[in-house]
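Structure first, commentary second.
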Amino acid sequence: MNLKQRFEKDNYGLVYSTELLLSIIILFVIIAMVINLSGVLNEKTLSVEELSNLEKISVESSELLLNNPGVPEDWENIIEDDASKNIIPGLALKTKNVRNGEFRDESAESEELVPNIISYRKLLKLSSCYDDLVNKNLFNNSYKSSIAVYPLNPKLDSIVMGDDLSRTGKDVIVINRTVKCDYLSGFVIYSFNDFELEGENYVKTESCNHDNVWNLTSHECDNNDFWLCRSFRIYKKSLENYDFYLLSPDMIKTADVYYTIENLNKASDKVYRLDDEVLELDDFFLNDLENASSSIYTIHFKVPKRSADEFKSALVAVPTNMSEDLKNRNQLDYEYFTIQDVNFVMKTSYK
């Protein structure tokens, strides 16, 4: 066998060895891909189970918060730090059935759960102690979470609390519910609004001390205007704990509405244009009650019929220790003293 024949024989053997080695490498690559794919599938199955469990817990927790006042029911009034560990938070509003014109704390009615309305005071308390009340007490430190309340009314501020889940790379469960929030409506003594007035179909039914007194202008409705007249009692002692305001929306500046607030024993025909969204009444009551413990007052509104559908106003009594804070946050505003629709959003994720 000459040199050329030997070289050709060795070359064939090299080719066969290279093909075998390449086949082995490809086989190992395929096996590795199969093993890796199997691991990914197992991981995906586990992830689906975890997400399903997280979603169930999130739904149950949001329902608990929205449909229960919490344990104890007045937990928002508990301010001791060590007491928070025994609190199960709830946001549902439980309140007395108060007639228009009564103070809430003077009502004899028993408290009842108000469906589909959450408490603004409970929300604020929850925000100030979120980690203890929600992450620790509700979720047993097993999850990250956040709660946000977005009012549909753009004039009201949103409330956001809890962990920042916007930057997390993990899966996040989002629960979104549309409910109502009472905000500061519990401080309203009288609400004068378009539902009571019924626009041009409004018929005056309440009695007014002006209608039957010969030397006073009658407050009967006519073709152009209608009168809304309501009476209420103010106790001098209540002025130590409450600040009284007449609140109106910004449309009041162009509504051409006139008003007067008077003691029933000192009635007059004097009226004033109502063009202030916030009208402070404490000085008037303090001066009038200088020599009396209480008195009955009447507020009279003269409203053009063309403004009937838009006219709204509310007489409110705000706890004195809250007034300054509400002013600083621009919340001494008519909109904050009405029940409002909000979106309640809860987000949760694994730690």
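In the structure tokens, chains take letters A, B, ... by order of appearance, with residues numbered from 1 within each chain and ligands from 1 in the order shown.
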
- Task: Might you pull out every residue within 12 Å of Leu184 (chain A), with only C-alpha atoms counted and same-chain residues fewer than 5 positions away left off, and present them as a VMD selection string?
- Result: chain A and resid 118 to 124 156 189 314 316 to 319 322 to 323 326 331 to 340

Per-residue nearest contacts of region 114-205 of chain A to region 239-261 of chain A (10 Å; only C-alpha atoms) as a Markdown table:
| residue | atom | partner | partner_atom | distance |
| --- | --- | --- | --- | --- |
| A:Phe187 | CA | A:Tyr242 | CA | 9.7 |
| A:Val188 | CA | A:Tyr245 | CA | 9.6 |
| A:Ile189 | CA | A:Phe244 | CA | 9.6 |
| A:Tyr190 | CA | A:Leu246 | CA | 9.5 |
| A:Ser191 | CA | A:Leu247 | CA | 9.7 |
| A:Phe192 | CA | A:Ser248 | CA | 9.5 |
| A:Asn193 | CA | A:Ser248 | CA | 9.8 |

Could the residues in this selection be written to a file with N, CA, C and O atoms, as a compact mmCIF listing (two decimals), in the first residue's frame?
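Just written: again.txt:
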# COMPACT_ATOMS: atom_id res chain seq x y z
N PHE A 187 -71.40 64.98 58.41
CA PHE A 187 -71.43 66.26 59.13
C PHE A 187 -72.49 67.21 58.58
O PHE A 187 -72.56 68.36 58.99
N VAL A 188 -73.30 66.73 57.63
CA VAL A 188 -74.34 67.57 57.04
C VAL A 188 -75.58 67.59 57.94
O VAL A 188 -76.09 66.54 58.33
N ILE A 189 -76.04 68.78 58.27
CA ILE A 189 -77.28 68.93 59.05
C ILE A 189 -78.47 68.99 58.10
O ILE A 189 -79.47 68.30 58.28
N TYR A 190 -78.34 69.82 57.08
CA TYR A 190 -79.39 69.92 56.06
C TYR A 190 -78.74 69.90 54.68
O TYR A 190 -77.72 70.54 54.44
N SER A 191 -79.35 69.16 53.78
CA SER A 191 -78.89 69.13 52.40
C SER A 191 -79.99 69.70 51.51
O SER A 191 -81.12 69.21 51.51
N PHE A 192 -79.68 70.75 50.80
CA PHE A 192 -80.63 71.37 49.88
C PHE A 192 -80.10 71.10 48.47
O PHE A 192 -79.05 71.61 48.09
N ASN A 193 -80.80 70.29 47.71
CA ASN A 193 -80.28 69.92 46.39
C ASN A 193 -81.37 69.76 45.35
O ASN A 193 -82.56 69.90 45.63

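Using only C-alpha atoms, the protein and nucleic acid residues lying no more than 10 Å from Asp341 (chain A), apart from those fewer than 6 places from it along its own chain, are Ile117, Val149, Tyr150, Pro151, Leu152, Asn153, Thr178, Val179, Lys180, Cys181 and Asp182 of chain A.
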
Residues as selected, all heavy atoms, written as a PDB file, in the first residue's frame, can you do that?
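In the end it all went to result_25.pdb:
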ATOM      1  N   ILE A 117     -71.438  51.268  50.633  1.00  0.00           N
ATOM      2  CA  ILE A 117     -70.807  52.541  50.971  1.00  0.00           C
ATOM      3  C   ILE A 117     -69.674  52.285  51.956  1.00  0.00           C
ATOM      4  O   ILE A 117     -69.865  51.603  52.960  1.00  0.00           O
ATOM      5  CB  ILE A 117     -71.806  53.542  51.578  1.00  0.00           C
ATOM      6  CG1 ILE A 117     -72.946  53.844  50.605  1.00  0.00           C
ATOM      7  CG2 ILE A 117     -71.099  54.834  51.962  1.00  0.00           C
ATOM      8  CD1 ILE A 117     -73.952  54.852  51.127  1.00  0.00           C
ATOM      9  N   VAL A 149     -58.080  54.432  46.194  1.00  0.00           N
ATOM     10  CA  VAL A 149     -59.474  54.848  45.993  1.00  0.00           C
ATOM     11  C   VAL A 149     -59.455  56.047  45.051  1.00  0.00           C
ATOM     12  O   VAL A 149     -58.900  57.108  45.374  1.00  0.00           O
ATOM     13  CB  VAL A 149     -60.138  55.217  47.329  1.00  0.00           C
ATOM     14  CG1 VAL A 149     -61.533  55.795  47.087  1.00  0.00           C
ATOM     15  CG2 VAL A 149     -60.232  53.994  48.234  1.00  0.00           C
ATOM     16  N   TYR A 150     -60.040  55.849  43.860  1.00  0.00           N
ATOM     17  CA  TYR A 150     -60.056  56.888  42.840  1.00  0.00           C
ATOM     18  C   TYR A 150     -61.488  57.403  42.666  1.00  0.00           C
ATOM     19  O   TYR A 150     -62.346  56.695  42.119  1.00  0.00           O
ATOM     20  CB  TYR A 150     -59.557  56.341  41.504  1.00  0.00           C
ATOM     21  CG  TYR A 150     -58.151  55.780  41.558  1.00  0.00           C
ATOM     22  CD1 TYR A 150     -57.936  54.403  41.465  1.00  0.00           C
ATOM     23  CD2 TYR A 150     -57.050  56.612  41.703  1.00  0.00           C
ATOM     24  CE1 TYR A 150     -56.654  53.874  41.512  1.00  0.00           C
ATOM     25  CE2 TYR A 150     -55.763  56.100  41.756  1.00  0.00           C
ATOM     26  CZ  TYR A 150     -55.570  54.736  41.655  1.00  0.00           C
ATOM     27  OH  TYR A 150     -54.300  54.213  41.706  1.00  0.00           O
ATOM     28  N   PRO A 151     -61.776  58.621  43.145  1.00  0.00           N
ATOM     29  CA  PRO A 151     -63.132  59.162  42.968  1.00  0.00           C
ATOM     30  C   PRO A 151     -63.433  59.451  41.509  1.00  0.00           C
ATOM     31  O   PRO A 151     -62.547  59.904  40.765  1.00  0.00           O
ATOM     32  CB  PRO A 151     -63.109  60.444  43.808  1.00  0.00           C
ATOM     33  CG  PRO A 151     -61.672  60.805  43.918  1.00  0.00           C
ATOM     34  CD  PRO A 151     -60.889  59.536  43.870  1.00  0.00           C
ATOM     35  N   LEU A 152     -64.660  59.188  41.094  1.00  0.00           N
ATOM     36  CA  LEU A 152     -65.066  59.506  39.729  1.00  0.00           C
ATOM     37  C   LEU A 152     -65.207  61.009  39.543  1.00  0.00           C
ATOM     38  O   LEU A 152     -65.135  61.502  38.420  1.00  0.00           O
ATOM     39  CB  LEU A 152     -66.374  58.801  39.386  1.00  0.00           C
ATOM     40  CG  LEU A 152     -66.274  57.354  38.864  1.00  0.00           C
ATOM     41  CD1 LEU A 152     -65.600  56.435  39.861  1.00  0.00           C
ATOM     42  CD2 LEU A 152     -67.638  56.825  38.490  1.00  0.00           C
ATOM     43  N   ASN A 153     -65.412  61.722  40.633  1.00  0.00           N
ATOM     44  CA  ASN A 153     -65.488  63.180  40.607  1.00  0.00           C
ATOM     45  C   ASN A 153     -64.063  63.741  40.592  1.00  0.00           C
ATOM     46  O   ASN A 153     -63.309  63.564  41.546  1.00  0.00           O
ATOM     47  CB  ASN A 153     -66.236  63.686  41.842  1.00  0.00           C
ATOM     48  CG  ASN A 153     -66.475  65.181  41.820  1.00  0.00           C
ATOM     49  OD1 ASN A 153     -65.783  65.936  41.143  1.00  0.00           O
ATOM     50  ND2 ASN A 153     -67.450  65.631  42.584  1.00  0.00           N
ATOM     51  N   THR A 178     -66.367  49.182  41.939  1.00  0.00           N
ATOM     52  CA  THR A 178     -66.970  50.514  42.001  1.00  0.00           C
ATOM     53  C   THR A 178     -67.953  50.548  43.164  1.00  0.00           C
ATOM     54  O   THR A 178     -68.915  49.771  43.198  1.00  0.00           O
ATOM     55  CB  THR A 178     -67.698  50.862  40.692  1.00  0.00           C
ATOM     56  OG1 THR A 178     -66.752  50.841  39.616  1.00  0.00           O
ATOM     57  CG2 THR A 178     -68.317  52.249  40.775  1.00  0.00           C
ATOM     58  N   VAL A 179     -67.685  51.408  44.137  1.00  0.00           N
ATOM     59  CA  VAL A 179     -68.529  51.540  45.322  1.00  0.00           C
ATOM     60  C   VAL A 179     -68.772  53.024  45.575  1.00  0.00           C
ATOM     61  O   VAL A 179     -68.424  53.878  44.754  1.00  0.00           O
ATOM     62  CB  VAL A 179     -67.854  50.888  46.553  1.00  0.00           C
ATOM     63  CG1 VAL A 179     -67.720  49.379  46.363  1.00  0.00           C
ATOM     64  CG2 VAL A 179     -66.484  51.504  46.823  1.00  0.00           C
ATOM     65  N   LYS A 180     -69.370  53.333  46.715  1.00  0.00           N
ATOM     66  CA  LYS A 180     -69.572  54.721  47.114  1.00  0.00           C
ATOM     67  C   LYS A 180     -68.784  54.989  48.395  1.00  0.00           C
ATOM     68  O   LYS A 180     -68.546  54.077  49.181  1.00  0.00           O
ATOM     69  CB  LYS A 180     -71.056  55.012  47.341  1.00  0.00           C
ATOM     70  CG  LYS A 180     -71.915  54.903  46.084  1.00  0.00           C
ATOM     71  CD  LYS A 180     -73.376  55.196  46.389  1.00  0.00           C
ATOM     72  CE  LYS A 180     -74.245  55.036  45.145  1.00  0.00           C
ATOM     73  NZ  LYS A 180     -73.923  56.029  44.110  1.00  0.00           N
ATOM     74  N   CYS A 181     -68.403  56.231  48.573  1.00  0.00           N
ATOM     75  CA  CYS A 181     -67.694  56.644  49.788  1.00  0.00           C
ATOM     76  C   CYS A 181     -68.465  57.802  50.426  1.00  0.00           C
ATOM     77  O   CYS A 181     -68.892  58.720  49.723  1.00  0.00           O
ATOM     78  CB  CYS A 181     -66.267  57.054  49.462  1.00  0.00           C
ATOM     79  SG  CYS A 181     -65.294  57.554  50.909  1.00  0.00           S
ATOM     80  N   ASP A 182     -68.619  57.744  51.740  1.00  0.00           N
ATOM     81  CA  ASP A 182     -69.422  58.776  52.411  1.00  0.00           C
ATOM     82  C   ASP A 182     -68.676  60.102  52.574  1.00  0.00           C
ATOM     83  O   ASP A 182     -69.285  61.135  52.798  1.00  0.00           O
ATOM     84  CB  ASP A 182     -69.886  58.279  53.777  1.00  0.00           C
ATOM     85  CG  ASP A 182     -68.761  58.219  54.800  1.00  0.00           C
ATOM     86  OD1 ASP A 182     -67.598  57.975  54.400  1.00  0.00           O
ATOM     87  OD2 ASP A 182     -69.029  58.389  56.008  1.00  0.00           O
TER      88      ASP A 182
END

- Task: Within 7 Å of Ser268 (chain A), counting only C-alpha atoms, which residues show up once you throw out same-chain ones fewer than 2 positions away? Write them as a PyMOL selection string, please.
- Result: chain A and resi 216+266+270
